[in-house]
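Visitor: Sending over a structure as structure tokens; questions will come in a sec.
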Amino acid sequence: MADQEITLMKGNEAIAHAAIRCGCDGYFGYPITPQSEVLETLAAEKPWETTGMVVLQAESEVSSINMVYGGASTGKKVMTSSSSPGISLMQEGISYMAGAELPALIVDVMRGGPGLGTIQPSQSDYFQACKGGGHGDYHLIVLAPASVQEMADFVDLAFTLAFRYRNPAMILADGAIGQMMEKVVLPPFKPRRTEEEIIKECPWATTGRVGGRKPNIITSLELRSEEMEVINLRIQAKYREIEEKEVRFEEFMLDDADYAIVAFGSAARIAKKSIEIARSQGIKVGLLRPITLWPFPTKEVQKLAERVKGILSLEINAGQMVEDIRLAVEGKVPVRHFGRLGGIIPDPDEVVDALKRSF
Amino acid sequence: MTREEIIEKGQVVYHKPTLLNDTPMHYCPGCSHGVVHKLVSEVIEEMEMTEKTIAISPVGCAVFAYKYIDVDWQEAAHGRAPALASATKRLWPDRLVFTYQGDGDLACIGTAETIHALNRAENITIIFINNAIYGMTGGQMAPTTLLGMKTATCPYGREVSLHGYPLKVTEIAATLDGTCYVTRQAVHTVAAINRAKKAIRKAFEYSMQGKGSNLVEIVSTCNSGWKMSPEKANKWMEENMFEFYHLGDLKDAGADK
């Protein structure tokens, strides 16, 4: 059972291996710290000689996302990865893909900003990942891994969701998850789809007019306002369906909790340690970890507001997800934020102090 | 005599390529786009590549190229068509993949994508319509606008001190190791149209033979943007554009690759 082997690797490396194993057809990327290991690992693995996966280093993030746009337009399973400033550059292409309703995977291994910022971990891309990021009314499906194992597992999940809804999906990790080494069981090998399978599964794709079918057009352009509104309404209906069906989250020690921490990714790992410390001091606190940041677990937060005295949003940023928590809570209980900035990861003890200060 | 009767009698000496559909074009009367669309359609048909063609349209006047030529199209963001084409060709190597771009799209906002796709020797063809102006947005200065030429954003004429020099992207492309065939053509006379068609055919064939990237520039008119009648625009193009943008093959490495 070679596939079940436990290996030790970085989160970024796990993304690369998982991509090869889940039948990804193409990766297009540009180096940027702290995610360059994704492209480096793929280049070293040479999947073009084994699975036939295309790997290409582009001239910029602008180009990589547009390579993904082109590849996704043909029904192939394509992806890119980058870090915060690079994701900013990709926003145009991401908006086009959301508008043209194309499935693809974008991995963002976040670093601190704004601007060139720092190369240290951060979660300050929550807004640009979950609130559209580019122009127009759209959402990405956003998955937030909290371990190297989830980095590996979410690649296939993200592709599945992206193709199910014809919408780009994002894995929103941070520099810590990307760089840390952990035990991981890589997913089993899944063959790439054949061209015949792609043509059958993606009748909308621009594969050439195989069999003399009518031309397929991939575009986000429609100059007639009435038509453009219809397209927007259809896309919005799709988002409502995703919100209904695809919310994912983890609960930890919430059963008897007086207070709740809401945290994702690296912050959720710190929260678990903080909860242990707080409980040893008699403070009953638990964790709600959103796994999908969009769709956000709004209903779960609402339920939480019915039974706890206060909610602390722990984020490695200046307070972004806290806005969605407050929208869900509707003022029923106090909602506070704690976070560190500039690439500093909060210490579990300072989280406990923040908890005590907040409520 | 009706159209059908003429066809029945076998008297057809010329017909519109079937790939070019009957949708009324939005292009201005006298615009070169219509002719180039026809040539591209004819070449795809003659190469029997209809079922294997994936085309990429730009942002600019040709943004709606997908409405007129009945092949599969991807509509790219402004300047990004060569990136889409690069991935598409690598993922579907037996497909005929080409982009169709104007000078603002290719030589300005998409310069990086253009140069790098060409130099990676992507087995694609770029059809480059150079009319020295931004047509779709109403006639603003392009990177290829000639010195002295008046546009909406250089109303007193392009000046070096204010706007720098016009860019000869095709000359740059010819210096790149990744390119196989680089040529500059026009479609203002029957002879020029015939030469342009041969150039497109050669570029498409090289791309299918895996010989690298190909760039076919078509020096074109924009009578609306230039504010000239079609006839005058053609004459002005001959007298001014061809002086700066010399017609002919700049590179043909097909035999060596």
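Identifiers in the structure tokens: chain A, B, ... in order shown; residue index from 1 per chain; ligand index from 1 in order shown.
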Which polymer residues have any atom within 7 Å of an atom of region 200-217 of chain B, counting only C-alpha atoms, with same-chain residues fewer than 5 positions away left out, as a ChimeraX atom specification?

Guide: /B:43,96,118,121-130,178-185,254,257

Visitor: For the structure I just gave you, how does DSSP split region 60-149 of chain B - specifically, which residues are alpha helix (DSSP H)? Reply as a ChimeraX atom specification.

Guide: /B:81-91,103-104,111-119

Visitor: Pull out every residue of chain A that has at least one atom within 9 Å of chain B, counting only C-alpha atoms, and report them as a VMD selection string.

Guide: chain A and resid 25 to 26 28 53 to 54 56 58 to 60 62 to 74 76 92 to 93 96 195 205 to 221

Visitor: Report, in Å to a single decimal, how far apart CA of Phe163 (chain A) and CA of Cys202 (chain A) are.

Guide: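 Those two atoms sit 9.1 Å apart.
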
Visitor: Using Å and a single decimal, report how far CA of Pro145 (chain A) sits from CA of Asp353 (chain A).

Guide: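 That distance, rounded to one decimal, is 25.9 Å.
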
Visitor: Write out as a list in words which residues come within 10 Å of region 237-250 of chain A when counting only C-alpha atoms, dropping same-chain ones fewer than 5 positions away.

Guide: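 Counting only C-alpha atoms, the residues come to Tyr138, His139, Leu140, Ile141, Leu143, Ala144, Leu161, Arg164, Tyr165, Arg166, Asn167, Ile231, Asn232, Phe264, Ala268, Leu287, Leu288, Arg289, Pro290, Ile291, Thr292, Leu293, Trp294, Pro295, Phe296, Pro297, Thr298, Lys299 and Glu300 of chain A.
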
Visitor: Running DSSP on the backbone, which parts of region 77-238 of chain B land in strand (DSSP E or B), as an NGL selection string?

Guide: :B and (96-102 or 125-130 or 133-134 or 140-141 or 151 or 154 or 179-186 or 213-219)

Visitor: Could you save those same residues with N, CA and C atoms as a CSV table (one decimal), in the first residue's frame?

Guide:
```csv
chain,number,residue,atom,x,y,z
B,96,LEU,N,-5.1,23.5,-33.5
B,96,LEU,CA,-4.6,24.7,-34.1
B,96,LEU,C,-5.0,25.8,-33.2
B,97,VAL,N,-4.1,26.5,-32.6
B,97,VAL,CA,-4.4,27.6,-31.6
B,97,VAL,C,-3.8,28.9,-32.1
B,98,PHE,N,-4.6,29.9,-32.2
B,98,PHE,CA,-4.1,31.2,-32.6
B,98,PHE,C,-4.8,32.3,-31.8
B,99,THR,N,-4.1,33.4,-31.7
B,99,THR,CA,-4.7,34.6,-31.1
B,99,THR,C,-5.0,35.6,-32.2
B,100,TYR,N,-5.9,36.5,-32.0
B,100,TYR,CA,-6.2,37.6,-33.0
B,100,TYR,C,-6.2,38.9,-32.2
B,101,GLN,N,-5.2,39.7,-32.3
B,101,GLN,CA,-5.1,40.9,-31.4
B,101,GLN,C,-4.8,42.2,-32.2
B,102,GLY,N,-5.2,43.3,-31.6
B,102,GLY,CA,-4.8,44.6,-32.1
B,102,GLY,C,-3.6,45.1,-31.5
B,125,THR,N,0.1,30.8,-33.4
B,125,THR,CA,0.2,31.9,-34.3
B,125,THR,C,-0.5,33.1,-33.7
B,126,ILE,N,0.1,34.2,-33.8
B,126,ILE,CA,-0.5,35.5,-33.4
B,126,ILE,C,-0.8,36.3,-34.6
B,127,ILE,N,-2.1,36.6,-34.8
B,127,ILE,CA,-2.5,37.5,-35.9
B,127,ILE,C,-2.6,38.9,-35.3
B,128,PHE,N,-1.8,39.8,-35.8
B,128,PHE,CA,-1.6,41.1,-35.2
B,128,PHE,C,-2.1,42.2,-36.1
B,129,ILE,N,-3.3,42.8,-35.8
B,129,ILE,CA,-3.8,43.9,-36.6
B,129,ILE,C,-3.3,45.2,-36.1
B,130,ASN,N,-2.4,45.8,-36.9
B,130,ASN,CA,-1.8,47.1,-36.5
B,130,ASN,C,-2.4,48.2,-37.3
B,133,ILE,N,-3.8,52.7,-33.8
B,133,ILE,CA,-4.7,53.5,-33.0
B,133,ILE,C,-5.6,52.5,-32.2
B,134,TYR,N,-6.2,53.1,-31.1
B,134,TYR,CA,-7.2,52.3,-30.3
B,134,TYR,C,-8.5,52.5,-31.0
B,140,GLN,N,-7.8,56.5,-29.6
B,140,GLN,CA,-6.7,57.1,-28.8
B,140,GLN,C,-5.4,56.6,-29.3
B,141,MET,N,-4.3,57.3,-28.8
B,141,MET,CA,-2.9,56.9,-29.2
B,141,MET,C,-2.6,55.5,-28.9
B,151,THR,N,-4.4,61.8,-32.7
B,151,THR,CA,-5.4,60.9,-32.2
B,151,THR,C,-6.1,61.6,-31.0
B,154,CYS,N,-3.5,62.4,-28.5
B,154,CYS,CA,-2.4,63.2,-28.9
B,154,CYS,C,-3.0,64.1,-30.0
B,179,THR,N,10.7,32.4,-32.1
B,179,THR,CA,9.8,32.6,-33.3
B,179,THR,C,10.3,31.8,-34.5
B,180,CYS,N,9.4,31.3,-35.2
B,180,CYS,CA,9.7,30.6,-36.5
B,180,CYS,C,9.5,31.5,-37.7
B,181,TYR,N,8.3,32.0,-37.7
B,181,TYR,CA,7.9,32.8,-38.9
B,181,TYR,C,7.4,34.2,-38.4
B,182,VAL,N,8.0,35.2,-38.9
B,182,VAL,CA,7.5,36.6,-38.5
B,182,VAL,C,7.4,37.4,-39.8
B,183,THR,N,6.2,37.9,-40.0
B,183,THR,CA,6.0,38.6,-41.3
B,183,THR,C,5.1,39.8,-41.1
B,184,ARG,N,5.2,40.7,-42.0
B,184,ARG,CA,4.3,41.9,-42.0
B,184,ARG,C,3.6,42.0,-43.3
B,185,GLN,N,2.3,42.0,-43.3
B,185,GLN,CA,1.5,42.0,-44.5
B,185,GLN,C,0.5,43.1,-44.5
B,186,ALA,N,-0.3,43.2,-45.5
B,186,ALA,CA,-1.4,44.2,-45.6
B,186,ALA,C,-2.6,43.6,-46.4
B,213,SER,N,6.8,29.6,-32.5
B,213,SER,CA,5.7,30.6,-32.5
B,213,SER,C,5.8,31.4,-33.8
B,214,ASN,N,4.7,32.0,-34.2
B,214,ASN,CA,4.6,32.7,-35.5
B,214,ASN,C,3.8,34.0,-35.3
B,215,LEU,N,4.3,35.0,-35.9
B,215,LEU,CA,3.6,36.3,-35.8
B,215,LEU,C,3.3,36.9,-37.2
B,216,VAL,N,2.0,37.1,-37.5
B,216,VAL,CA,1.6,37.7,-38.8
B,216,VAL,C,1.0,39.0,-38.5
B,217,GLU,N,1.8,40.1,-38.7
B,217,GLU,CA,1.3,41.5,-38.6
B,217,GLU,C,0.5,41.9,-39.8
B,218,ILE,N,-0.6,42.4,-39.7
B,218,ILE,CA,-1.3,43.0,-40.8
B,218,ILE,C,-1.4,44.5,-40.6
B,219,VAL,N,-0.7,45.3,-41.4
B,219,VAL,CA,-0.8,46.7,-41.3
B,219,VAL,C,-2.2,47.1,-41.9
```

Visitor: Leu167 (chain B): which residues within 10 Å, counting only C-alpha atoms, same-chain residues fewer than 5 positions away excluded, as JSON, numbers by chain?

Guide: {"B": [103, 107, 108, 132, 142, 143, 144, 145, 146, 172, 245]}

Visitor: Work out how far apart CA of Pro230 (chain B) and CA of Asp105 (chain B) are and give it in Å to one decimal.

Guide: 23.3 Å
